>>> print(open('final02.txt').read())   # compact mmCIF, C-alpha atoms and all ligand atoms
# COMPACT_ATOMS: atom_id res chain seq x y z
CA MET A 1 10.19 11.17 -15.84
CA ARG A 2 13.44 10.56 -17.68
CA ILE A 3 14.12 7.11 -19.09
CA ASP A 4 17.55 6.10 -20.34
CA ILE A 5 17.79 2.89 -22.30
CA MET A 6 21.24 1.36 -22.69
CA THR A 7 21.18 -0.89 -25.74
CA LEU A 8 23.04 -2.21 -28.77
CA PHE A 9 20.05 -1.17 -30.94
CA PRO A 10 19.27 2.47 -30.08
CA ASP A 11 17.91 3.30 -33.56
CA SER A 12 15.26 0.59 -33.52
CA MET A 13 14.23 1.57 -30.01
CA ARG A 14 13.97 5.25 -30.95
CA ALA A 15 11.88 4.34 -33.98
CA VAL A 16 9.36 2.44 -31.88
CA LEU A 17 9.26 4.78 -28.90
CA GLY A 18 9.02 7.85 -31.15
CA GLU A 19 5.58 6.75 -32.36
CA SER A 20 2.07 7.20 -31.05
CA ILE A 21 1.18 8.30 -27.51
CA ILE A 22 4.65 7.87 -26.02
CA GLY A 23 6.26 9.66 -28.97
CA ARG A 24 3.82 12.56 -28.70
CA ALA A 25 4.34 12.84 -24.93
CA ALA A 26 8.10 12.97 -25.50
CA LYS A 27 7.64 15.74 -28.10
CA LYS A 28 5.49 17.66 -25.61
CA GLY A 29 8.31 17.26 -23.07
CA VAL A 30 6.18 15.39 -20.52
CA ILE A 31 8.62 12.49 -20.64
CA ASP A 32 12.23 12.39 -21.73
CA ILE A 33 13.48 9.20 -23.38
CA HIS A 34 17.12 8.62 -24.39
CA CYS A 35 18.52 5.54 -26.09
CA THR A 36 22.28 5.13 -25.80
CA GLN A 37 24.56 2.83 -27.82
CA ILE A 38 26.61 0.71 -25.39
CA ARG A 39 29.14 -0.07 -28.14
CA ASP A 40 30.21 3.60 -28.21
CA TYR A 41 31.79 3.12 -24.77
CA THR A 42 34.00 0.13 -25.40
CA ASP A 43 37.70 0.73 -24.81
CA ASN A 44 38.96 -1.86 -27.31
CA LYS A 45 39.80 -1.11 -30.92
CA GLN A 46 37.49 -3.75 -32.40
CA MET A 47 34.54 -2.06 -30.67
CA GLN A 48 33.87 -5.42 -29.07
CA VAL A 49 31.22 -5.49 -26.36
CA ASP A 50 31.17 -9.21 -25.59
CA ASP A 51 33.53 -12.10 -25.00
CA TYR A 52 33.59 -15.82 -24.29
CA PRO A 53 32.31 -16.98 -20.92
CA TYR A 54 34.81 -18.12 -18.29
CA GLY A 55 34.33 -21.81 -17.67
CA GLY A 56 33.15 -22.41 -21.23
CA GLY A 57 29.63 -22.70 -22.53
CA TRP A 58 27.48 -21.47 -25.33
CA GLY A 59 27.42 -17.87 -26.64
CA CYS A 60 29.11 -14.67 -25.51
CA VAL A 61 28.77 -12.52 -22.42
CA MET A 62 28.58 -8.72 -22.47
CA MET A 63 31.62 -7.16 -20.84
CA ALA A 64 31.32 -5.02 -17.73
CA GLN A 65 33.61 -2.22 -18.98
CA PRO A 66 31.45 -0.74 -21.81
CA LEU A 67 28.35 -1.13 -19.68
CA LYS A 68 29.90 0.77 -16.76
CA ALA A 69 31.33 3.52 -18.98
CA CYS A 70 27.96 3.92 -20.70
CA LEU A 71 26.13 4.04 -17.37
CA ASP A 72 28.53 6.65 -15.94
CA ASP A 73 27.95 8.87 -18.96
CA VAL A 74 24.17 8.42 -18.84
CA MET A 75 24.15 9.30 -15.12
CA GLN A 76 26.30 12.32 -15.67
CA LYS A 77 24.08 13.60 -18.50
CA ALA A 78 20.91 13.02 -16.47
CA GLY A 79 22.31 14.98 -13.54
CA PRO A 80 21.29 14.53 -9.91
CA ARG A 81 17.97 12.72 -9.83
CA ASN A 82 16.14 10.05 -7.99
CA SER A 83 17.47 7.31 -10.29
CA ARG A 84 16.97 3.56 -10.47
CA VAL A 85 19.18 1.27 -12.56
CA ILE A 86 17.21 -1.71 -13.80
CA TYR A 87 18.61 -4.68 -15.68
CA MET A 88 16.05 -6.35 -17.95
CA SER A 89 16.46 -10.04 -17.30
CA PRO A 90 14.39 -13.24 -17.31
CA GLN A 91 15.73 -13.73 -13.76
CA GLY A 92 14.17 -10.48 -12.56
CA LYS A 93 11.14 -9.79 -10.46
CA PRO A 94 7.99 -10.18 -12.57
CA PHE A 95 6.97 -6.82 -14.00
CA THR A 96 3.33 -6.04 -13.19
CA GLN A 97 1.07 -3.00 -13.16
CA ALA A 98 1.84 -2.65 -9.44
CA GLU A 99 5.58 -2.57 -10.20
CA ALA A 100 4.99 0.09 -12.83
CA ARG A 101 3.04 2.19 -10.31
CA ARG A 102 5.88 1.83 -7.83
CA LEU A 103 8.45 2.99 -10.37
CA VAL A 104 6.37 6.05 -11.32
CA ALA A 105 5.74 6.92 -7.67
CA ASP A 106 9.28 6.42 -6.34
CA TYR A 107 11.65 7.58 -9.12
CA ASP A 108 12.00 10.32 -11.71
CA HIS A 109 14.78 8.61 -13.63
CA LEU A 110 14.96 5.00 -14.81
CA VAL A 111 17.98 3.49 -16.52
CA LEU A 112 16.99 0.32 -18.36
CA VAL A 113 19.95 -1.88 -19.24
CA CYS A 114 19.38 -4.28 -22.15
CA GLY A 115 21.57 -7.34 -22.22
CA HIS A 116 22.26 -9.47 -25.25
CA TYR A 117 23.97 -12.72 -26.08
CA GLU A 118 24.16 -14.99 -23.07
CA GLY A 119 23.70 -12.22 -20.52
CA ILE A 120 26.06 -9.71 -18.97
CA ASP A 121 29.05 -9.96 -16.66
CA GLU A 122 27.69 -10.64 -13.17
CA ARG A 123 30.07 -8.10 -11.64
CA PHE A 124 28.34 -5.24 -13.46
CA ILE A 125 25.03 -6.38 -11.95
CA GLU A 126 26.56 -6.57 -8.46
CA GLU A 127 28.29 -3.23 -8.80
CA CYS A 128 25.74 -1.06 -10.60
CA VAL A 129 22.27 -2.57 -10.85
CA ASP A 130 19.55 -1.68 -8.31
CA GLU A 131 17.04 -4.26 -9.43
CA GLU A 132 16.27 -6.76 -12.17
CA LEU A 133 12.89 -6.95 -13.92
CA SER A 134 11.45 -9.69 -16.10
CA ILE A 135 8.44 -9.28 -18.38
CA GLY A 136 7.55 -12.97 -18.24
CA ASP A 137 8.79 -16.49 -17.83
CA TYR A 138 10.36 -16.88 -21.23
CA VAL A 139 13.70 -15.85 -22.70
CA LEU A 140 14.03 -13.14 -25.33
CA THR A 141 17.11 -12.64 -27.48
CA GLY A 142 17.75 -9.35 -25.71
CA GLY A 143 16.32 -6.94 -23.19
CA GLU A 144 15.11 -4.40 -25.77
CA LEU A 145 11.52 -5.62 -26.09
CA ALA A 146 11.31 -5.88 -22.31
CA ALA A 147 12.67 -2.33 -21.90
CA MET A 148 10.08 -1.06 -24.38
CA VAL A 149 7.31 -2.80 -22.44
CA VAL A 150 8.47 -1.19 -19.18
CA THR A 151 8.92 2.23 -20.81
CA ASP A 152 5.47 2.16 -22.40
CA CYS A 153 3.70 0.96 -19.27
CA VAL A 154 5.49 3.40 -16.94
CA CYS A 155 5.21 6.42 -19.25
CA ARG A 156 1.47 6.16 -19.80
CA MET A 157 1.01 6.66 -16.06
CA VAL A 158 3.15 9.79 -15.95
CA PRO A 159 0.79 12.77 -15.46
CA GLY A 160 0.15 14.53 -18.75
CA VAL A 161 0.82 11.54 -21.01
CA LEU A 162 -2.79 10.35 -21.17
CA SER A 163 -5.62 12.87 -21.16
CA ASP A 164 -7.05 11.73 -17.82
CA PRO A 165 -5.79 9.39 -15.05
CA GLU A 166 -9.12 7.58 -15.42
CA CYS A 167 -7.74 6.26 -18.70
CA TYR A 168 -5.61 3.87 -16.68
CA THR A 169 -7.22 3.70 -13.24
CA GLY A 170 -10.31 1.95 -14.65
CA GLU A 171 -8.54 -0.58 -16.80
CA SER A 172 -7.32 -4.14 -16.38
CA HIS A 173 -4.86 -4.81 -13.55
CA TRP A 174 -5.13 -1.39 -11.92
CA ASN A 175 -7.05 -2.71 -8.94
CA GLY A 176 -6.32 -6.40 -9.30
CA LEU A 177 -9.26 -6.98 -11.65
CA LEU A 178 -9.57 -7.22 -15.41
CA GLU A 179 -11.40 -4.49 -17.27
CA TYR A 180 -15.10 -4.72 -18.14
CA PRO A 181 -16.03 -5.31 -21.81
CA GLN A 182 -16.07 -2.27 -24.09
CA TYR A 183 -18.24 -1.55 -27.12
CA THR A 184 -18.43 1.22 -29.71
CA ARG A 185 -20.65 1.96 -32.71
CA PRO A 186 -22.51 0.48 -34.51
CA GLU A 187 -25.10 -0.65 -31.98
CA THR A 188 -25.55 -3.95 -33.81
CA TRP A 189 -22.71 -5.68 -35.59
CA GLN A 190 -22.98 -9.12 -37.19
CA GLY A 191 -26.24 -9.59 -35.33
CA ARG A 192 -24.62 -8.89 -31.95
CA THR A 193 -26.10 -5.97 -30.06
CA VAL A 194 -24.39 -3.85 -27.41
CA PRO A 195 -25.79 -4.79 -23.94
CA GLU A 196 -28.96 -2.85 -23.28
CA ILE A 197 -27.77 -1.42 -19.99
CA LEU A 198 -24.96 0.47 -21.72
CA ARG A 199 -27.43 2.08 -24.09
CA GLY A 200 -29.84 3.15 -21.36
CA GLY A 201 -27.81 6.07 -20.01
CA ASP A 202 -28.40 5.21 -16.31
CA HIS A 203 -24.91 5.77 -14.94
CA ALA A 204 -25.44 4.06 -11.61
CA LYS A 205 -26.72 0.94 -13.38
CA ILE A 206 -23.82 1.05 -15.83
CA GLU A 207 -21.29 1.28 -12.96
CA HIS A 208 -22.96 -1.63 -11.22
CA TRP A 209 -22.95 -3.73 -14.40
CA ARG A 210 -19.34 -2.91 -15.20
CA ARG A 211 -18.06 -3.80 -11.75
CA LYS A 212 -19.91 -7.12 -11.88
CA GLN A 213 -18.40 -7.81 -15.28
CA GLN A 214 -14.94 -7.07 -13.90
CA LEU A 215 -15.44 -9.51 -11.05
CA GLU A 216 -16.91 -12.24 -13.23
CA ARG A 217 -14.33 -11.87 -16.00
CA THR A 218 -11.45 -12.00 -13.57
CA ARG A 219 -12.92 -15.07 -11.87
CA LEU A 220 -13.30 -16.87 -15.20
CA LYS A 221 -10.29 -15.64 -17.17
CA ARG A 222 -7.70 -15.17 -14.45
CA PRO A 223 -8.52 -17.36 -11.45
CA ASP A 224 -4.97 -16.69 -10.18
CA LEU A 225 -5.66 -12.93 -9.91
CA PHE A 226 -9.12 -13.52 -8.52
CA ALA A 227 -7.71 -15.67 -5.71
CA GLN A 228 -5.58 -12.73 -4.59
CA PHE A 229 -8.33 -10.15 -4.91
CA ARG A 230 -9.73 -8.86 -1.60
CA PRO A 231 -13.33 -7.72 -2.19
CA ASP A 232 -14.81 -4.95 -0.03
CA GLU A 233 -18.42 -5.03 1.15
CA THR A 234 -19.81 -3.69 -2.13
CA ASP A 235 -17.89 -6.25 -4.14
CA GLU A 236 -19.01 -9.00 -1.75
CA ALA A 237 -22.62 -8.04 -2.50
CA LEU A 238 -21.94 -8.11 -6.24
CA LEU A 239 -20.23 -11.49 -5.92
CA ALA A 240 -23.28 -12.81 -4.07
CA GLU A 241 -25.50 -11.56 -6.90
CA LEU A 242 -23.28 -13.30 -9.41
CA GLU A 243 -23.32 -16.50 -7.41
CA LYS A 244 -27.11 -16.38 -7.34
CA GLU A 245 -27.26 -15.83 -11.08
CA ARG A 246 -25.00 -18.82 -11.50
CA SER A 247 -27.00 -20.93 -9.14
CA ARG A 248 -27.56 -23.49 -11.74
CA MET A 249 -27.79 -27.08 -10.88
CA LYS A 250 -25.16 -28.10 -8.33
CA LEU A 251 -24.05 -31.69 -8.66
CA THR A 252 -24.23 -33.22 -5.22
CA LYS A 253 -24.93 -36.83 -6.23
CA PRO A 254 -22.78 -39.24 -8.22
CA VAL A 255 -22.77 -39.03 -12.01
CA THR A 256 -22.57 -42.33 -13.85
CA CYS A 257 -22.16 -43.36 -17.46
CA ARG A 258 -23.46 -46.31 -19.46
CA GLY A 259 -23.82 -47.35 -23.08
CA ALA A 260 -26.95 -45.87 -24.64
CA VAL A 261 -29.87 -48.13 -25.63
CA PRO A 262 -32.56 -47.47 -28.27
CA GLU A 263 -35.05 -46.51 -25.50
CA ASP A 264 -32.81 -43.52 -24.67
CA LEU A 265 -33.31 -42.01 -28.12
CA PRO A 266 -36.22 -39.66 -27.29
CA VAL A 267 -34.27 -38.06 -24.42
CA ILE A 268 -31.10 -37.86 -26.53
CA MET A 269 -33.11 -36.01 -29.16
CA GLU A 270 -34.32 -33.58 -26.49
CA LEU A 271 -30.72 -32.96 -25.43
CA LEU A 272 -29.85 -32.35 -29.06
CA ALA A 273 -32.71 -29.86 -29.53
CA GLU A 274 -31.57 -27.91 -26.47
CA ALA A 275 -27.93 -27.93 -27.58
CA ARG A 276 -28.97 -26.77 -31.07
CA LYS A 277 -30.82 -23.81 -29.58
CA ARG A 278 -27.88 -22.84 -27.39
CA LEU A 279 -25.49 -22.99 -30.35
CA ALA A 280 -27.87 -20.89 -32.48
CA LYS A 281 -28.14 -18.30 -29.70
CA ALA A 282 -24.37 -18.12 -29.45
CA ARG A 283 -24.24 -17.83 -33.26
CA VAL A 284 -22.15 -20.96 -33.61
CA ASP A 285 -22.92 -22.58 -36.93
CA VAL A 286 -22.93 -26.15 -35.67
CA TRP A 287 -25.81 -28.64 -35.90
CA GLN A 288 -28.00 -25.97 -37.50
CA GLY A 289 -29.04 -28.23 -40.41
CA PRO A 290 -30.61 -31.67 -40.43
CA TYR A 291 -27.38 -33.29 -39.18
CA PRO A 292 -27.13 -34.91 -36.71
CA GLY A 293 -30.56 -36.48 -36.77
CA GLU A 294 -32.22 -39.36 -34.99
CA GLU A 295 -30.73 -41.73 -37.56
CA THR A 296 -27.19 -40.69 -36.62
CA PHE A 297 -27.77 -41.49 -32.96
CA ARG A 298 -29.62 -44.71 -33.79
CA GLU A 299 -26.54 -45.84 -35.70
CA ASP A 300 -24.20 -44.76 -32.90
CA ILE A 301 -26.30 -46.79 -30.46
CA ALA A 302 -26.43 -49.81 -32.75
CA GLN A 303 -22.65 -49.76 -33.10
CA GLY A 304 -22.16 -49.44 -29.35
CA ASN A 305 -20.64 -45.98 -29.77
CA CYS A 306 -23.17 -43.82 -27.93
CA TYR A 307 -23.00 -43.24 -24.16
CA VAL A 308 -25.31 -41.45 -21.75
CA LEU A 309 -24.55 -39.77 -18.43
CA LEU A 310 -26.97 -40.36 -15.60
CA TYR A 311 -27.71 -38.09 -12.68
CA GLU A 312 -30.24 -39.47 -10.22
CA ASN A 313 -31.55 -41.77 -12.98
CA GLU A 314 -32.04 -38.84 -15.34
CA ILE A 315 -30.14 -38.69 -18.63
CA ALA A 316 -28.04 -35.55 -18.21
CA GLY A 317 -25.75 -35.80 -21.23
CA ALA A 318 -24.66 -37.96 -24.13
CA PHE A 319 -21.61 -38.43 -26.30
CA SER A 320 -20.42 -40.72 -29.07
CA LEU A 321 -17.03 -42.25 -29.32
CA VAL A 322 -15.92 -43.76 -32.61
CA GLY A 323 -12.93 -45.97 -33.21
CA PRO A 324 -10.19 -46.86 -32.97
CA GLY A 325 -10.09 -46.93 -36.71
CA GLU A 326 -9.15 -44.52 -39.42
CA VAL A 327 -11.46 -41.54 -39.19
CA TYR A 328 -9.37 -38.40 -39.54
CA HIS A 329 -6.21 -38.51 -41.60
CA ASP A 330 -3.22 -36.18 -41.42
CA GLU A 331 -4.05 -34.89 -44.87
CA ASP A 332 -7.47 -33.70 -43.69
CA LEU A 333 -5.88 -30.82 -41.83
CA THR A 334 -5.46 -27.80 -44.07
CA ASP A 335 -2.59 -26.78 -41.77
CA GLY A 336 -1.07 -28.23 -38.62
CA LYS A 337 -0.55 -31.85 -37.77
CA TRP A 338 -1.96 -34.53 -35.53
CA HIS A 339 0.61 -35.33 -32.87
CA GLY A 340 -1.18 -38.02 -30.91
CA GLY A 341 -0.47 -41.59 -31.74
CA ALA A 342 -2.71 -44.21 -33.24
CA PRO A 343 -4.77 -46.05 -32.26
CA TYR A 344 -7.07 -43.13 -31.58
CA VAL A 345 -10.76 -42.62 -31.01
CA VAL A 346 -12.89 -39.72 -32.14
CA LEU A 347 -15.19 -37.95 -29.71
CA ARG A 348 -18.33 -36.64 -31.34
CA ARG A 349 -21.75 -35.26 -30.53
CA ASN A 350 -21.04 -34.51 -26.88
CA MET A 351 -23.82 -32.53 -25.23
CA VAL A 352 -25.45 -31.92 -21.86
CA GLY A 353 -29.03 -31.10 -20.93
CA GLY A 354 -29.93 -27.43 -20.57
CA LYS A 355 -30.34 -27.55 -16.81
CA PHE A 356 -26.89 -29.08 -16.44
CA VAL A 357 -25.07 -26.35 -18.34
CA GLY A 358 -22.45 -24.82 -16.06
CA SER A 359 -22.85 -27.58 -13.47
CA GLY A 360 -19.65 -29.43 -14.36
CA MET A 361 -21.57 -32.18 -16.18
CA ALA A 362 -19.57 -31.53 -19.37
CA ASP A 363 -16.39 -32.16 -17.36
CA TYR A 364 -17.79 -35.51 -16.27
CA GLU A 365 -18.52 -36.24 -19.89
CA MET A 366 -14.92 -35.57 -20.89
CA ARG A 367 -13.62 -37.77 -18.09
CA PHE A 368 -15.96 -40.65 -18.99
CA ALA A 369 -15.05 -40.31 -22.67
CA GLU A 370 -11.41 -40.64 -21.67
CA GLU A 371 -12.14 -43.77 -19.63
CA VAL A 372 -13.97 -45.38 -22.52
CA ALA A 373 -11.18 -44.39 -24.93
CA LYS A 374 -8.59 -46.00 -22.69
CA SER A 375 -10.68 -49.14 -22.28
CA ARG A 376 -10.71 -49.40 -26.09
CA GLY A 377 -6.93 -49.25 -26.14
CA ALA A 378 -6.70 -45.75 -27.70
CA ASP A 379 -3.54 -43.69 -27.33
CA SER A 380 -5.28 -40.43 -28.11
CA ILE A 381 -8.65 -38.76 -28.57
CA ARG A 382 -9.38 -36.50 -31.53
CA LEU A 383 -12.27 -34.19 -32.13
CA LEU A 384 -13.45 -31.28 -34.21
CA THR A 385 -15.21 -28.18 -33.03
CA HIS A 386 -16.20 -24.79 -34.36
CA LYS A 387 -13.80 -21.95 -33.68
CA LYS A 388 -16.62 -19.92 -32.12
CA ASN A 389 -17.72 -22.69 -29.79
CA LEU A 390 -16.04 -21.03 -26.81
CA PRO A 391 -17.57 -23.14 -24.00
CA MET A 392 -16.36 -26.25 -25.83
CA LYS A 393 -12.90 -24.78 -26.37
CA GLN A 394 -12.65 -23.82 -22.70
CA LEU A 395 -13.70 -27.34 -21.78
CA LEU A 396 -11.03 -28.78 -24.07
CA SER A 397 -8.38 -26.55 -22.62
CA ARG A 398 -9.36 -27.56 -19.07
CA HIS A 399 -8.98 -31.20 -20.04
CA GLY A 400 -5.59 -30.86 -21.68
CA TYR A 401 -6.57 -31.03 -25.35
CA ARG A 402 -4.34 -29.22 -27.80
CA PHE A 403 -5.10 -27.55 -31.06
CA ALA A 404 -3.89 -29.67 -34.00
CA GLY A 405 -4.94 -27.58 -37.01
CA ASN A 406 -7.83 -26.47 -39.16
CA VAL A 407 -9.99 -28.74 -41.22
CA GLU A 408 -12.78 -28.42 -43.79
CA VAL A 409 -15.61 -30.88 -43.32
CA GLU A 410 -18.76 -31.63 -45.22
CA ILE A 411 -21.39 -30.54 -42.70
CA GLN A 412 -24.28 -31.43 -45.01
CA PRO A 413 -24.24 -33.04 -48.42
CA GLY A 414 -22.55 -30.49 -50.66
CA ARG A 415 -21.93 -27.93 -47.88
CA MET A 416 -18.46 -27.54 -46.41
CA GLY A 417 -17.69 -25.92 -43.07
CA ALA A 418 -14.50 -24.89 -41.28
CA ARG A 419 -13.70 -26.68 -38.06
CA GLN A 420 -10.79 -26.73 -35.65
CA ALA A 421 -9.17 -30.04 -34.77
CA PHE A 422 -8.11 -30.86 -31.21
CA GLU A 423 -6.52 -33.87 -29.64
CA LYS A 424 -5.50 -35.28 -26.33
CA GLU A 425 -2.77 -37.80 -25.86
CA LEU A 426 -3.66 -40.38 -23.27
CA LYS A 427 -0.19 -41.75 -22.57
N1 LIG B 1 15.71 -10.50 -21.50
C1 LIG B 1 15.56 -11.72 -22.06
N2 LIG B 1 14.39 -12.26 -21.66
C2 LIG B 1 13.79 -11.35 -20.84
C3 LIG B 1 12.58 -11.34 -20.12
N3 LIG B 1 11.75 -12.36 -20.14
N4 LIG B 1 12.29 -10.25 -19.40
C4 LIG B 1 13.15 -9.22 -19.35
N5 LIG B 1 14.30 -9.18 -20.00
C5 LIG B 1 14.63 -10.24 -20.76
>>> encode(input="final02.txt", output="structure tokens", more="lines below")
Ligand code: ADE
Amino acid sequence: MRIDIMTLFPDSMRAVLGESIIGRAAKKGVIDIHCTQIRDYTDNKQMQVDDYPYGGGWGCVMMAQPLKACLDDVMQKAGPRNSRVIYMSPQGKPFTQAEARRLVADYDHLVLVCGHYEGIDERFIEECVDEELSIGDYVLTGGELAAMVVTDCVCRMVPGVLSDPECYTGESHWNGLLEYPQYTRPETWQGRTVPEILRGGDHAKIEHWRRKQQLERTRLKRPDLFAQFRPDETDEALLAELEKERSRMKLTKPVTCRGAVPEDLPVIMELLAEARKRLAKARVDVWQGPYPGEETFREDIAQGNCYVLLYENEIAGAFSLVGPGEVYHDEDLTDGKWHGGAPYVVLRRNMVGGKFVGSGMADYEMRFAEEVAKSRGADSIRLLTHKKNLPMKQLLSRHGYRFAGNVEVEIQPGRMGARQAFEKELK
């Protein structure tokens, strides 16, 4: 595979592409990468490659002439090949692993054209470009980073670049699924041990486990990819196993919410004990000391700040909502800034009963908290959580909370702890 990159920054591109696996493959001669300076082909004395846009507007447009002269020279040097001229552009087709596979399979020469400024003269695209590729829905200052992404991704699939095709056929995106989790030595790190199955040496069991992990991870992390994935019979069986494992409580009846009363305290304390255990198991250093205790909830209840969720008359969750009133100040954040307006309320001590974990009860809790916040006239909700409290952070992200900054809080008298601050604007 030969790759020609047409750019205004050939030295920087060479420096990056000359390193590591791609650099070594180029030295071995498995791939052939050339970076060519477009400016060397301009026919004007000032070596100008861009000019003002017709019709006015911001910035400059790259002229067709140097681009065409550069391309002609590149093509001539490459000789007769199965070539494809690709313009790196935010307007292009999204670049994916499947697109990379197509390029490797169908061509042995790619010319990647990097634009700069406000783009390139449309007539060059019409005249010379076979396709446009984008590496994502955002705009870069030039096509160089995008060309490096395409070069790296394409080259690692060229035979001989990686030691074994399995290096890429098993990984994320190859077959529409994300890769399974990987571990290396030591066996136990920071109290976290490598899953037993991977240490057992039973290859069939390991395969089975890894495929299930791929399916589950894709479902959770990339629902968009999972929706497109077409499972075969074996995958269907694995998905059924996963579904069974997940067959936690399914909420089929209405969930309601009311202010907590002192008689609810014993159940609230049970919820707290369960939540404490879950946090300890996940190694999240939250609620691992005496706080919050019965007294905290008694006070919340007395002040009308504690709420319980009911499912078929059973208390399934509880949360406290404080405010509006000054609770967190801007200066509390060690970095970042609260964006949401005052008046705001603070959501605290939200928890669900063990059997409701994964049932969607926590989502009900967030929605009820929002309703109460609005009924109190709040413009935003603020809260703190621990950076390792991933289920909570996923919940926050699902409900549109944004990260505001970091904060140090006194978690017990004399003991400080780091927390992350989140907020949701209600307007
Ligand atoms: N040039 C500028 N932005 C780009 C993007 N997102 N993808 C490819 N080329 C680009």
>>> axis_aligned_box(input="final02.txt", around="ligand LIG 1 (chain B)", padding_each_side="3 Å", output="JSON")
{"center_x": 13.7, "center_y": -10.8, "center_z": -20.7, "size_x": 10.0, "size_y": 9.2, "size_z": 8.7}
>>> residues_around(input="final02.txt", residues="Trp174 in chain A", least_positions_apart="4", cutoff="8 Å", atoms="only C-alpha atoms", output="PyMOL selection string")
chain A and resi 97-98+168-170
>>> residues_near_point(input="final02.txt", point="(-10.7, -12.3, -16.0)", cutoff="10 Å", atoms="only C-alpha atoms", output="ChimeraX atom specification")
/A:172-173,176-180,213-226
>>> residues_around(input="final02.txt", residues="His34 in chain A", least_positions_apart="5", cutoff="9 Å", atoms="all atoms listed in the file", output="PDB file with C-alpha atoms, in the coordinates of the input")
ATOM      1  CA  ARG A   2      13.440  10.560 -17.680  1.00  0.00           C
ATOM      2  CA  ILE A   3      14.120   7.110 -19.090  1.00  0.00           C
ATOM      3  CA  ASP A   4      17.550   6.100 -20.340  1.00  0.00           C
ATOM      4  CA  ILE A   5      17.790   2.890 -22.300  1.00  0.00           C
ATOM      5  CA  MET A   6      21.240   1.360 -22.690  1.00  0.00           C
ATOM      6  CA  PRO A  10      19.270   2.470 -30.080  1.00  0.00           C
ATOM      7  CA  ARG A  14      13.970   5.250 -30.950  1.00  0.00           C
ATOM      8  CA  VAL A  74      24.170   8.420 -18.840  1.00  0.00           C
TER       9      VAL A  74
END
>>> closest_residue(input="final02.txt", among="A:Gln37, A:Ser375, A:Thr193, A:Thr141", to="ligand LIG 1 (chain B)", atoms="all atoms listed in the file")
A:Thr141
>>> closest_atom_pairs(input="final02.txt", of="chain A", to="ligand LIG 1 (chain B)", cutoff="6 Å", atoms="only C-alpha atoms and all ligand atoms", output="tab-separated table")
residue	atom	partner	partner_atom	distance
A:Met88	CA	B:LIG1	N5	3.9
A:Ser89	CA	B:LIG1	N5	3.6
A:Pro90	CA	B:LIG1	C3	3.8
A:Leu133	CA	B:LIG1	C4	5.9
A:Ser134	CA	B:LIG1	N4	3.5
A:Ile135	CA	B:LIG1	N4	4.1
A:Gly136	CA	B:LIG1	N3	4.6
A:Asp137	CA	B:LIG1	N3	5.6
A:Tyr138	CA	B:LIG1	N3	4.9
A:Val139	CA	B:LIG1	N2	3.8
A:Leu140	CA	B:LIG1	N2	3.8
A:Thr141	CA	B:LIG1	C1	5.7
A:Gly142	CA	B:LIG1	N1	4.8
A:Gly143	CA	B:LIG1	N1	4.0
A:Ala146	CA	B:LIG1	C4	4.8
>>> closest_residue(input="final02.txt", among="A:Ser320, A:Thr296, A:Thr36, A:Gln65", to="Asp50 in chain A", atoms="only C-alpha atoms")
A:Gln65
>>> atom_distance(input="final02.txt", atom1="CA of Met1 in chain A", atom2="CA of Val104 in chain A")
7.8 Å
>>> atom_distance(input="final02.txt", atom1="CA of Gly55 in chain A", atom2="CA of Tyr117 in chain A")
16.1 Å
>>> closest_residue(input="final02.txt", among="A:Asp202, A:Glu122, A:Glu99, A:Glu127", to="Cys153 in chain A", atoms="all atoms listed in the file")
A:Glu99
>>> closest_residue(input="final02.txt", among="A:Ala362, A:Ile22, A:Cys257, A:Leu333", to="Leu396 in chain A", atoms="all atoms listed in the file")
A:Ala362
>>> closest_residue(input="final02.txt", among="A:Ile206, A:Val49, A:Val194, A:Leu279", to="Lys388 in chain A", atoms="only C-alpha atoms")
A:Leu279
>>> residues_around(input="final02.txt", residues="range 232-244 of chain A", least_positions_apart="3", cutoff="9 Å", atoms="only C-alpha atoms", output="tab-separated table (two decimals) with C-alpha atoms, keeping the file's coordinate frame")
chain	number	residue	atom	x	y	z
A	208	HIS	CA	-22.96	-1.63	-11.22
A	211	ARG	CA	-18.06	-3.80	-11.75
A	212	LYS	CA	-19.91	-7.12	-11.88
A	215	LEU	CA	-15.44	-9.51	-11.05
A	216	GLU	CA	-16.91	-12.24	-13.23
A	247	SER	CA	-27.00	-20.93	-9.14
A	248	ARG	CA	-27.56	-23.49	-11.74
>>> build_atoms(input="final02.txt", residues="range 352-357 of chain A", atoms="N, CA and C atoms", output="compact mmCIF listing (two decimals), in the coordinates of the input")
# COMPACT_ATOMS: atom_id res chain seq x y z
N VAL A 352 -24.81 -31.74 -23.17
CA VAL A 352 -25.45 -31.92 -21.86
C VAL A 352 -26.81 -31.24 -21.89
N GLY A 353 -27.69 -31.69 -21.02
CA GLY A 353 -29.03 -31.10 -20.93
C GLY A 353 -28.95 -29.67 -20.44
N GLY A 354 -29.93 -28.85 -20.89
CA GLY A 354 -29.93 -27.43 -20.57
C GLY A 354 -29.75 -27.13 -19.10
N LYS A 355 -30.43 -27.89 -18.23
CA LYS A 355 -30.34 -27.55 -16.81
C LYS A 355 -28.99 -27.93 -16.21
N PHE A 356 -28.21 -28.69 -16.96
CA PHE A 356 -26.89 -29.08 -16.44
C PHE A 356 -25.75 -28.20 -16.96
N VAL A 357 -26.12 -27.23 -17.80
CA VAL A 357 -25.07 -26.35 -18.34
C VAL A 357 -24.45 -25.56 -17.18
